[in-house]
Amino acid sequence: MSAHSHVDGQLPHEPEKATLEGRNKVLGFWLFLGGETVLFGTLFGAYLTLRHQVGDGNPTSQELFDLTLVAIATFILLTSSLTSVFAIQAMHKNQVKAMLNWLIVTVLLGLGFLILEIYEFLHYLHLGHGFTTSAFSSSFYTLVGFHGAHVAFGIFWITLLIIQVFKRGLNTTTAPKVYVAGLYWHFIDVVWVFIFTVVYLMGKVG
Amino acid sequence: MSSNHSASASEHQGKRHKVEGPQKHVVAYIFSLVLTLLAFATVIAGEVNTAFTYILLVFMAMLQVYIQMAFWMHMKDRGHIYAIIGILMGTFVVLTIVVMAEYWTWW
């Protein structure tokens with residue numbers, strides 16, 4: 001069966017799993033997420049090891065972190081996870097326009113999160129918390145910055161998918177790509193849950 | 001082999017599925033928001049001792065991650081055994097790394 005055998009309006013309920021290629025793509029992506037879990041685990045391990053190595057006269061996590069900013073960023077990313085769910089639900093109902101709209105909202109929320117993170121980093125730089133200030137600052141920027149880079153990549157990826165679906169339509173080739181991009185976006189949110197818990201909230205507690 | 005796959009795909013496409021509504025996802029979102037607010041409130045209030053706060057924060061984070069993975073990433077649905085194995089293996093390595101980092105590095 002050809003991957004392109006379904007035309008718009010005649011897609012199966014779960015088009016991402018309608019072909020062997022689609023199912024393999026989803027399975028392979030889950031294995032990739034397992035690898036990403038390990039990658040972020042090593043960064044969390046490094047941060048937990050070095051979080052008290054602040055050095056003399058440098059700001060500590062308790063002095064540094066602004067929880068209001070983190071709370072807003074968390075709200076934005078959590079909401080973007082919900083909008084990506086709505087996009088996948090629209091895809092399952094074969095509502096291409098609604099799916100694209102929800103994906104655009106997801107990208108915009110991701111951009112909002114990224115802008116807040118850049119603002120936060122600049123704010124910390126002004127407070128004397130640079131990348132090479134201390135072992136704590138290096139591990140902090142590496143962990144949180146790496147997550148930010150994942151968000152930036154996700155925005156880029158989903159934007160390309162929006163353009164592709166807009167041009168080629170939703171079919172059994174494009175649907176698995178949208179589905180795994182949704183998984184990726186949820187994974188970014190899962191990592192952020194641990195970042196705001198372990199880095200920011202525990203950092204504020206001391 | 002390929003005929004099996006074709007048969008499986010056809011069977012999959014032939015099934016009439018019930019399209020799920022947004023309600024349970026909205027409930028999961030609200031639950032996640034409440035957990036997030038509770039976590040921030042616990043730290044801002046600062047009334048609880050540090051060790052208990054840590055445990056509470058990690059518990060709430062785990063609960064939130066469960067919601068994300070089970071409902072939004074569909075891990076509770078059938079056919080996700082390899083996804084669960086992949087994530088569990090990753091989690092096992094992560095826990096090993098974190099415990100090592102936390103308890104062995106500065107001995």
# chains A, B, ... in the order shown; residues from 1 in each chain; ligands from 1

$ interface_residues --of "chain A" --to "chain B" --cutoff "8 Å" --atoms "only C-alpha atoms" --output "MDAnalysis selection string"
chainID A and resid 1 12:14 17:20 27 30:31 33:38 41:42 44:46 48:49 67 71 75 78:79 82 85:86 89 92:93 183 186 190 193:194 197:198 201:202 204:206

$ closest_residue --among "A:Ile158, A:Val199, A:Val165, A:Val107" --to "A:Gln95" --atoms "only C-alpha atoms"
A:Val165

$ closest_residue --among "B:Phe52, B:Gln23, B:Glu47, B:Leu63" --to "B:Leu35" --atoms "only C-alpha atoms"
B:Leu63

$ atom_distance --atom1 "atom CA of A:Ile76" --atom2 "atom CA of A:Leu108"
9.8 Å

$ select_by_dssp --residues "chain B" --states "alpha helix (DSSP H)" --output "JSON, numbers by chain"
{"B": [2, 3, 4, 5, 6, 7, 8, 9, 10, 11, 12, 13, 14, 23, 24, 25, 26, 27, 28, 29, 30, 31, 32, 33, 34, 35, 36, 37, 38, 39, 40, 41, 42, 43, 44, 45, 50, 51, 52, 53, 54, 55, 56, 57, 58, 59, 60, 61, 62, 63, 64, 65, 66, 67, 81, 82, 83, 84, 85, 86, 87, 88, 89, 90, 91, 92, 93, 94, 95, 96, 97, 98, 99, 100, 101, 102, 103]}

$ atom_distance --atom1 "atom CA of A:Phe136" --atom2 "atom CA of A:Val54"
5.5 Å
